[in-house]
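S.K.: So here's run34.txt, just compact mmCIF, C-alpha atoms:
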```
# COMPACT_ATOMS: atom_id res chain seq x y z
CA MET A 8 142.20 86.56 115.70
CA SER A 9 140.24 88.84 113.42
CA VAL A 10 137.12 87.44 111.75
CA SER A 11 138.86 87.26 108.39
CA ARG A 12 141.78 85.37 109.91
CA ILE A 13 139.39 82.90 111.54
CA ILE A 14 137.69 82.36 108.17
CA GLU A 15 141.01 81.98 106.38
CA GLU A 16 143.12 80.16 108.95
CA GLY A 17 140.47 78.27 110.90
CA ALA A 18 139.11 74.74 110.63
CA GLU A 19 135.45 75.67 110.82
CA PHE A 20 133.51 75.15 107.61
CA SER A 21 131.52 78.37 107.23
CA PRO A 22 130.58 78.77 103.56
CA LYS A 23 129.56 82.32 102.70
CA PHE A 24 126.38 82.43 100.65
CA ASP A 25 125.77 85.58 98.60
CA SER A 26 122.79 87.93 98.81
CA ASN A 27 120.79 85.39 96.78
CA GLY A 28 121.69 82.62 99.19
CA LEU A 29 124.05 80.98 96.70
CA ILE A 30 127.68 79.92 96.62
CA THR A 31 129.72 79.12 93.51
CA ALA A 32 130.65 75.45 93.14
CA ILE A 33 133.20 74.14 90.65
CA SER A 34 133.26 70.48 89.64
CA GLN A 35 136.66 69.04 88.82
CA ASP A 36 137.28 65.50 87.62
CA ALA A 37 139.10 63.88 90.54
CA GLN A 38 141.05 61.62 88.18
CA THR A 39 142.10 63.94 85.35
CA GLY A 40 141.91 67.39 86.94
CA GLN A 41 139.66 68.63 84.13
CA ILE A 42 137.21 71.36 85.12
CA LEU A 43 133.80 70.03 84.21
CA MET A 44 131.37 72.80 85.11
CA VAL A 45 130.62 75.74 87.36
CA ALA A 46 127.27 75.94 89.10
CA TYR A 47 125.69 77.25 92.30
CA MET A 48 124.47 75.76 95.56
CA ASN A 49 122.13 77.03 98.23
CA GLN A 50 122.35 75.68 101.78
CA GLU A 51 119.94 72.85 101.00
CA ALA A 52 121.85 71.76 97.90
CA LEU A 53 125.11 71.77 99.86
CA SER A 54 123.60 69.76 102.72
CA LEU A 55 122.16 67.22 100.28
CA THR A 56 125.51 66.96 98.52
CA ILE A 57 127.27 66.23 101.81
CA GLU A 58 124.58 63.78 102.94
CA THR A 59 124.16 61.82 99.72
CA GLY A 60 127.66 62.04 98.26
CA ASN A 61 126.22 63.06 94.88
CA ALA A 62 126.47 66.64 93.63
CA VAL A 63 123.25 68.64 94.03
CA PHE A 64 123.13 72.21 92.76
CA TYR A 65 120.58 75.01 92.67
CA SER A 66 119.47 75.96 89.19
CA ARG A 67 119.20 79.73 88.87
CA SER A 68 117.24 79.47 85.62
CA ARG A 69 114.77 76.86 86.86
CA LYS A 70 114.81 78.25 90.41
CA LYS A 71 114.91 74.85 92.05
CA LEU A 72 117.23 72.14 93.32
CA TRP A 73 119.08 70.35 90.58
CA LYS A 74 120.21 66.83 91.36
CA LYS A 75 122.96 66.59 88.77
CA GLY A 76 122.35 63.57 86.55
CA GLU A 77 118.77 63.03 87.67
CA GLU A 78 117.59 63.34 84.08
CA SER A 79 120.73 62.52 82.12
CA GLY A 80 122.15 59.84 84.37
CA HIS A 81 125.49 61.70 84.42
CA VAL A 82 125.81 62.00 88.19
CA GLN A 83 128.87 63.34 89.99
CA LYS A 84 130.13 61.22 92.88
CA VAL A 85 131.77 63.66 95.26
CA ARG A 86 135.16 62.51 96.54
CA GLN A 87 136.17 65.70 98.31
CA ILE A 88 134.77 69.17 98.96
CA LEU A 89 137.35 71.96 99.14
CA ILE A 90 136.71 75.57 100.05
CA ASP A 91 138.77 78.64 99.25
CA CYS A 92 140.49 81.11 101.55
CA ASP A 93 137.57 83.47 102.10
CA GLN A 94 135.07 80.58 102.02
CA ASP A 95 132.93 81.95 99.22
CA CYS A 96 133.66 79.25 96.65
CA LEU A 97 133.51 75.45 96.71
CA LEU A 98 135.54 73.01 94.66
CA LEU A 99 134.13 69.50 94.28
CA LYS A 100 136.48 66.72 93.30
CA VAL A 101 134.19 64.28 91.55
CA ASP A 102 134.16 60.91 89.86
CA VAL A 103 132.15 60.99 86.65
CA ASP A 104 131.27 59.01 83.58
CA SER A 105 131.51 60.37 80.05
CA GLY A 106 129.56 63.52 79.16
CA GLN A 107 128.97 66.08 81.89
CA CYS A 108 127.75 69.07 79.85
CA HIS A 109 124.17 69.20 78.53
CA THR A 110 125.59 70.20 75.11
CA GLY A 111 127.09 66.72 74.71
CA HIS A 112 130.64 67.60 75.70
CA GLN A 113 132.56 66.09 78.58
CA SER A 114 133.19 69.54 80.06
CA CYS A 115 131.27 72.82 79.75
CA PHE A 116 134.60 74.41 78.80
CA TYR A 117 134.83 73.13 75.22
CA ARG A 118 135.77 76.44 73.58
CA GLY A 119 138.71 78.75 73.92
CA LEU A 120 139.48 82.24 72.72
CA LYS A 121 141.49 82.05 69.52
CA ARG A 122 145.06 83.19 69.87
CA GLY A 123 145.36 86.83 68.84
CA SER A 124 141.61 87.38 68.85
CA SER A 125 139.35 89.00 71.42
CA GLN A 126 136.15 87.89 69.74
CA GLU A 127 136.52 84.51 68.10
CA LEU A 128 136.28 81.13 69.79
CA GLU A 129 137.67 77.82 68.66
CA PHE A 130 136.34 74.44 69.68
CA ILE A 131 138.88 72.48 71.68
CA ALA A 132 136.79 69.34 72.28
CA GLU A 133 134.43 67.03 70.43
CA LYS A 134 131.04 65.97 71.71
CA VAL A 135 131.09 62.66 73.56
CA TYR A 136 127.37 61.95 73.34
CA ASP A 137 124.29 63.09 71.47
CA PRO A 138 122.25 65.27 73.84
CA SER A 139 119.08 64.87 71.74
CA LYS A 140 119.04 61.22 72.74
CA VAL A 141 119.36 62.01 76.44
CA TYR A 142 117.17 65.06 76.97
CA LYS A 143 113.71 64.36 75.51
CA MET B 11 119.24 79.00 65.67
CA SER B 12 117.85 80.20 68.98
CA VAL B 13 119.86 82.72 70.98
CA SER B 14 120.88 80.08 73.53
CA ARG B 15 122.05 77.76 70.74
CA ILE B 16 124.11 80.57 69.22
CA ILE B 17 125.70 81.20 72.62
CA GLU B 18 126.35 77.51 73.19
CA GLU B 19 127.21 76.27 69.72
CA GLY B 20 128.65 79.39 68.14
CA ALA B 21 132.19 80.68 67.75
CA GLU B 22 131.51 84.23 68.87
CA PHE B 23 133.05 85.16 72.20
CA SER B 24 130.22 86.90 74.06
CA PRO B 25 130.94 86.74 77.78
CA LYS B 26 127.87 87.40 79.89
CA PHE B 27 128.56 89.84 82.69
CA ASP B 28 126.16 89.77 85.66
CA SER B 29 124.07 92.66 87.01
CA ASN B 30 127.22 94.03 88.69
CA GLY B 31 129.13 93.90 85.42
CA LEU B 32 131.22 90.95 86.55
CA ILE B 33 132.00 87.48 85.28
CA THR B 34 133.51 84.62 87.33
CA ALA B 35 137.06 83.69 86.32
CA ILE B 36 138.84 80.55 87.51
CA SER B 37 142.61 80.27 87.34
CA GLN B 38 143.99 76.79 86.71
CA ASP B 39 147.67 75.89 86.62
CA ALA B 40 148.27 75.02 82.96
CA GLN B 41 150.95 72.51 83.92
CA THR B 42 149.47 70.65 86.88
CA GLY B 43 145.73 71.23 86.48
CA GLN B 44 145.51 72.56 90.04
CA ILE B 45 142.78 75.15 90.63
CA LEU B 46 144.55 78.18 92.03
CA MET B 47 141.82 80.71 92.70
CA VAL B 48 138.42 82.04 91.71
CA ALA B 49 137.95 85.74 91.11
CA TYR B 50 135.92 88.16 89.01
CA MET B 51 136.51 90.31 85.96
CA ASN B 52 134.70 93.29 84.56
CA GLN B 53 134.98 94.13 80.85
CA GLU B 54 138.08 96.25 81.41
CA ALA B 55 139.86 93.55 83.39
CA LEU B 56 139.07 90.99 80.70
CA SER B 57 140.29 93.31 77.92
CA LEU B 58 143.52 94.01 79.81
CA THR B 59 144.03 90.30 80.40
CA ILE B 60 143.67 89.59 76.69
CA GLU B 61 145.89 92.53 75.70
CA THR B 62 148.69 92.03 78.20
CA GLY B 63 148.67 88.24 78.60
CA ASN B 64 148.73 88.63 82.39
CA ALA B 65 145.64 87.98 84.50
CA VAL B 66 143.83 91.13 85.62
CA PHE B 67 140.79 90.84 87.87
CA TYR B 68 138.32 93.20 89.47
CA SER B 69 138.48 93.24 93.24
CA ARG B 70 134.98 93.33 94.69
CA SER B 71 136.28 94.26 98.15
CA ARG B 72 138.58 97.03 96.96
CA LYS B 73 136.25 98.01 94.11
CA LYS B 74 139.03 98.43 91.58
CA LEU B 75 141.11 96.63 88.99
CA TRP B 76 143.48 94.10 90.45
CA LYS B 77 146.53 93.30 88.40
CA LYS B 78 147.31 89.91 89.93
CA GLY B 79 150.86 89.90 91.25
CA GLU B 80 151.31 93.67 91.08
CA GLU B 81 152.14 93.76 94.78
CA SER B 82 153.23 90.18 95.48
CA GLY B 83 155.04 89.52 92.21
CA HIS B 84 153.03 86.32 91.77
CA VAL B 85 151.65 87.10 88.31
CA GLN B 86 149.65 84.67 86.19
CA LYS B 87 150.79 84.33 82.58
CA VAL B 88 147.67 83.42 80.65
CA ARG B 89 148.16 80.57 78.17
CA GLN B 90 144.55 80.06 77.21
CA ILE B 91 141.13 81.54 78.01
CA LEU B 92 138.24 79.07 77.94
CA ILE B 93 134.56 79.89 78.33
CA ASP B 94 131.72 77.64 79.39
CA CYS B 95 128.59 76.62 77.50
CA ASP B 96 126.37 79.55 78.51
CA GLN B 97 129.32 81.96 78.45
CA ASP B 98 128.96 83.18 82.02
CA CYS B 99 132.22 81.77 83.37
CA LEU B 100 135.85 81.98 82.25
CA LEU B 101 138.63 79.48 82.85
CA LEU B 102 142.18 80.79 82.58
CA LYS B 103 144.96 78.30 81.99
CA VAL B 104 147.95 80.02 83.53
CA ASP B 105 151.66 79.60 84.12
CA VAL B 106 152.63 80.58 87.64
CA ASP B 107 155.45 80.57 90.11
CA SER B 108 155.13 79.30 93.67
CA GLY B 109 152.50 80.86 95.94
CA GLN B 110 149.33 82.19 94.39
CA CYS B 111 147.14 82.72 97.45
CA HIS B 112 147.63 85.75 99.71
CA THR B 113 147.54 83.38 102.72
CA GLY B 114 150.86 81.86 101.66
CA HIS B 115 149.48 78.75 100.00
CA GLN B 116 149.98 77.78 96.39
CA SER B 117 146.23 77.56 95.86
CA CYS B 118 143.32 79.24 97.64
CA PHE B 119 141.83 75.76 98.04
CA TYR B 120 144.04 74.53 100.87
CA ARG B 121 141.28 73.10 103.07
CA GLY B 122 138.77 70.33 102.58
CA LEU B 123 135.70 69.20 104.48
CA LYS B 124 136.66 66.33 106.80
CA ARG B 125 135.20 63.01 105.78
CA GLY B 126 132.00 62.35 107.69
CA SER B 127 131.72 65.94 108.89
CA SER B 128 129.62 68.83 107.66
CA GLN B 129 131.38 71.43 109.78
CA GLU B 130 135.05 70.65 110.20
CA LEU B 131 137.82 71.42 107.73
CA GLU B 132 141.20 69.81 107.42
CA PHE B 133 144.25 71.44 105.89
CA ILE B 134 145.39 69.63 102.77
CA ALA B 135 148.36 71.85 101.89
CA GLU B 136 151.25 73.59 103.59
CA LYS B 137 152.16 77.23 103.06
CA VAL B 138 154.79 77.76 100.40
CA TYR B 139 155.80 81.28 101.44
CA ASP B 140 155.44 83.67 104.35
CA PRO B 141 152.83 86.28 103.40
CA SER B 142 154.03 88.70 106.09
CA LYS B 143 157.26 89.08 104.13
CA VAL B 144 155.43 89.85 100.89
CA TYR B 145 152.51 92.05 101.93
CA LYS B 146 153.80 94.91 104.03
```
Could you take the file, read its structure, and then write that structure out as structure tokens?
M.R.:
Amino acid sequence: MSVSRIIEEGAEFSPKFDSNGLITAISQDAQTGQILMVAYMNQEALSLTIETGNAVFYSRSRKKLWKKGEESGHVQKVRQILIDCDQDCLLLKVDVDSGQCHTGHQSCFYRGLKRGSSQELEFIAEKVYDPSKVYK
Amino acid sequence: MSVSRIIEEGAEFSPKFDSNGLITAISQDAQTGQILMVAYMNQEALSLTIETGNAVFYSRSRKKLWKKGEESGHVQKVRQILIDCDQDCLLLKVDVDSGQCHTGHQSCFYRGLKRGSSQELEFIAEKVYDPSKVYK
């Protein structure tokens, strides 16, 4: 088998980290199917996620490990970790409480492009908590 | 308002392309909520997606625009384009037929990490078509 066939058809977990040592990780609500957020993991974050069962990411802005919920309390309990065909993207099926985005929304995807527009967004969700009360 | 608050709380669509001119785009089945694939768009691919209503990506391996389904016929009709809080990731809600991954699976996420393992994958989906009959 060619290398790409082994990656695509094989049963060995071999996540491909990019030149910055990161892999994209999507969190999806295991119950509702809603996409909650997209973040990044380095090898350490992935290992900690597997070991602890709670999602741990790598914050590109803060340049350090980010134990999701450490400050806010909104942890993500990982039910399943999926990987895509070329093994360069992870999908976490997670159990969560209310309010996963730091803006106060349940999901980071709370806006959509308005129909017929290429520039204007519309809000498709309300906030579910007040972030000013969570992040001091 | 600070720039980050305008990006997060505003109604202006201002997708943030990375240093390679790309933005991550997730395709999600609008009917079932299943994540189908994760790919990338440059500005041209995004504009064409908005204009035509069919998902157009930028292939990093082939270094060119990739009209999804052009070869396979498995197009993605875009129902809605969502963007996340910091506007560096797109989520496409799409209508699709059967078989979105070039491996023959409906979704690129057809394998999951085995419970209790950090190295072994298990297949969680069957192929829905024979790719050798589609890609000559």
S.K.: Could you give me, as a tab-separated table, every chain B residue with an atom at most 10 Å from chain A, plus its closest atom pair and distance in Å to one decimal, counting all atoms listed in the file, rows ordered by chain then number?
M.R.:
```
residue	atom	partner	partner_atom	distance
B:Arg15	CA	A:Thr110	CA	9.4
B:Glu18	CA	A:Thr110	CA	7.6
B:Glu19	CA	A:Thr110	CA	8.3
B:Gly20	CA	A:Leu128	CA	8.0
B:Ala21	CA	A:Leu128	CA	4.6
B:Glu22	CA	A:Glu127	CA	5.1
B:Phe23	CA	A:Gln126	CA	4.8
B:Ser24	CA	A:Gln126	CA	7.4
B:Pro25	CA	A:Gln126	CA	9.6
B:Thr34	CA	A:Thr31	CA	9.1
B:Ile36	CA	A:Ile33	CA	9.1
B:Gln38	CA	A:Ile42	CA	8.8
B:Thr42	CA	A:Gly40	CA	8.2
B:Gly43	CA	A:Gly40	CA	5.4
B:Gln44	CA	A:Gly40	CA	7.0
B:Ile45	CA	A:Leu98	CA	8.6
B:Leu46	CA	A:Asp91	CA	9.3
B:Met47	CA	A:Asp91	CA	7.5
B:Val48	CA	A:Cys96	CA	7.4
B:Ala49	CA	A:Cys96	CA	9.6
B:Leu56	CA	A:Ser125	CA	9.5
B:Ser57	CA	A:Ser125	CA	7.9
B:Ile60	CA	A:Ser125	CA	6.8
B:Glu61	CA	A:Ser125	CA	8.6
B:Arg89	CA	A:Arg122	CA	9.2
B:Gln90	CA	A:Gly119	CA	6.8
B:Ile91	CA	A:Gly119	CA	5.5
B:Leu92	CA	A:Gly119	CA	4.1
B:Ile93	CA	A:Phe116	CA	5.5
B:Asp94	CA	A:Phe116	CA	4.4
B:Cys95	CA	A:Cys115	CA	5.2
B:Asp96	CA	A:Cys115	CA	8.4
B:Gln97	CA	A:Phe116	CA	9.2
B:Asp98	CA	A:Val45	CA	9.3
B:Cys99	CA	A:Val45	CA	7.4
B:Leu100	CA	A:Phe116	CA	8.4
B:Leu101	CA	A:Phe116	CA	7.6
B:Leu102	CA	A:Gly119	CA	9.5
B:Cys111	CA	A:Cys92	CA	8.0
B:His112	CA	A:Cys92	CA	8.7
B:Thr113	CA	A:Cys92	CA	7.5
B:His115	CA	A:Cys92	CA	9.4
B:Ser117	CA	A:Asp91	CA	8.3
B:Cys118	CA	A:Asp91	CA	4.9
B:Phe119	CA	A:Asp91	CA	4.4
B:Tyr120	CA	A:Asp91	CA	6.9
B:Arg121	CA	A:Leu89	CA	5.7
B:Gly122	CA	A:Leu89	CA	4.1
B:Leu123	CA	A:Ile88	CA	5.6
B:Lys124	CA	A:Gln87	CA	8.5
B:Arg125	CA	A:Gln87	CA	8.0
B:Gly126	CA	A:Ile57	CA	8.5
B:Ser127	CA	A:Ile57	CA	8.4
B:Ser128	CA	A:Ile57	CA	6.8
B:Gln129	CA	A:Phe20	CA	4.8
B:Glu130	CA	A:Glu19	CA	5.1
B:Leu131	CA	A:Ala18	CA	4.6
B:Glu132	CA	A:Ala18	CA	6.2
B:Phe133	CA	A:Ala18	CA	7.7
B:Ile134	CA	A:Leu89	CA	9.1
```
S.K.: Within 6 Å of Ala37 (chain A), counting all atoms listed in the file, which residues qualify if same-chain residues fewer than 4 places away don't, as a PDB file with C-alpha atoms, in the coordinates of the input?
M.R.:
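Result saved to out.pdb:
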```
ATOM      1  CA  LYS A 100     136.480  66.720  93.300  1.00  0.00           C
ATOM      2  CA  VAL A 101     134.190  64.280  91.550  1.00  0.00           C
ATOM      3  CA  ASP A 102     134.160  60.910  89.860  1.00  0.00           C
TER       4      ASP A 102
END
```
S.K.: Please return as a PyMOL selection string every residue within 12 Å of (131.5, 57.9, 83.0), taking into account all atoms listed in the file and the file's own coordinates.
M.R.: chain A and resi 36+38+76+79-84+101-107+113+135-136
S.K.: Considering all atoms listed in the file, return as a JSON list (two decimals) with C-alpha atoms, keeping the file's coordinate frame whatever protein or nucleic-acid residues lie within 6 Å of Val66 (chain B), sequence-local ones (same chain, fewer than 3 positions apart) excluded.
M.R.:
```json
[["chain", "number", "residue", "atom", "x", "y", "z"],
["B", 55, "ALA", "CA", 139.86, 93.55, 83.39],
["B", 59, "THR", "CA", 144.03, 90.30, 80.40],
["B", 76, "TRP", "CA", 143.48, 94.10, 90.45],
["B", 77, "LYS", "CA", 146.53, 93.30, 88.40],
["B", 78, "LYS", "CA", 147.31, 89.91, 89.93]]
```
S.K.: Taking the partial coordinates given, rebuild region 89-104 of chain A to contain N, CA and C atoms; return it as a JSON list (two decimals), keeping the file's coordinate frame.
M.R.:
```json
[["chain", "number", "residue", "atom", "x", "y", "z"],
["A", 89, "LEU", "N", 136.38, 70.96, 98.69],
["A", 89, "LEU", "CA", 137.35, 71.96, 99.14],
["A", 89, "LEU", "C", 136.68, 73.32, 99.19],
["A", 90, "ILE", "N", 137.23, 74.21, 100.00],
["A", 90, "ILE", "CA", 136.71, 75.57, 100.05],
["A", 90, "ILE", "C", 137.88, 76.53, 99.98],
["A", 91, "ASP", "N", 137.65, 77.72, 99.44],
["A", 91, "ASP", "CA", 138.77, 78.64, 99.25],
["A", 91, "ASP", "C", 138.99, 79.52, 100.47],
["A", 92, "CYS", "N", 140.02, 80.36, 100.38],
["A", 92, "CYS", "CA", 140.49, 81.11, 101.55],
["A", 92, "CYS", "C", 139.39, 81.90, 102.23],
["A", 93, "ASP", "N", 138.60, 82.65, 101.46],
["A", 93, "ASP", "CA", 137.57, 83.47, 102.10],
["A", 93, "ASP", "C", 136.22, 82.75, 102.19],
["A", 94, "GLN", "N", 136.24, 81.47, 101.87],
["A", 94, "GLN", "CA", 135.07, 80.58, 102.02],
["A", 94, "GLN", "C", 133.85, 81.06, 101.25],
["A", 95, "ASP", "N", 134.09, 81.61, 100.05],
["A", 95, "ASP", "CA", 132.93, 81.95, 99.22],
["A", 95, "ASP", "C", 132.90, 81.17, 97.91],
["A", 96, "CYS", "N", 133.67, 80.09, 97.86],
["A", 96, "CYS", "CA", 133.66, 79.25, 96.65],
["A", 96, "CYS", "C", 134.02, 77.82, 97.03],
["A", 97, "LEU", "N", 133.27, 76.88, 96.46],
["A", 97, "LEU", "CA", 133.51, 75.45, 96.71],
["A", 97, "LEU", "C", 134.13, 74.80, 95.49],
["A", 98, "LEU", "N", 134.96, 73.81, 95.74],
["A", 98, "LEU", "CA", 135.54, 73.01, 94.66],
["A", 98, "LEU", "C", 135.26, 71.55, 94.96],
["A", 99, "LEU", "N", 134.47, 70.91, 94.08],
["A", 99, "LEU", "CA", 134.13, 69.50, 94.28],
["A", 99, "LEU", "C", 135.04, 68.65, 93.42],
["A", 100, "LYS", "N", 135.72, 67.72, 94.05],
["A", 100, "LYS", "CA", 136.48, 66.72, 93.30],
["A", 100, "LYS", "C", 135.54, 65.55, 93.09],
["A", 101, "VAL", "N", 135.25, 65.24, 91.84],
["A", 101, "VAL", "CA", 134.19, 64.28, 91.55],
["A", 101, "VAL", "C", 134.65, 63.16, 90.63],
["A", 102, "ASP", "N", 134.01, 62.01, 90.80],
["A", 102, "ASP", "CA", 134.16, 60.91, 89.86],
["A", 102, "ASP", "C", 132.96, 60.94, 88.92],
["A", 103, "VAL", "N", 133.23, 60.86, 87.63],
["A", 103, "VAL", "CA", 132.15, 60.99, 86.65],
["A", 103, "VAL", "C", 132.31, 59.98, 85.53],
["A", 104, "ASP", "N", 131.20, 59.79, 84.81],
["A", 104, "ASP", "CA", 131.27, 59.01, 83.58],
["A", 104, "ASP", "C", 131.49, 59.98, 82.41]]
```
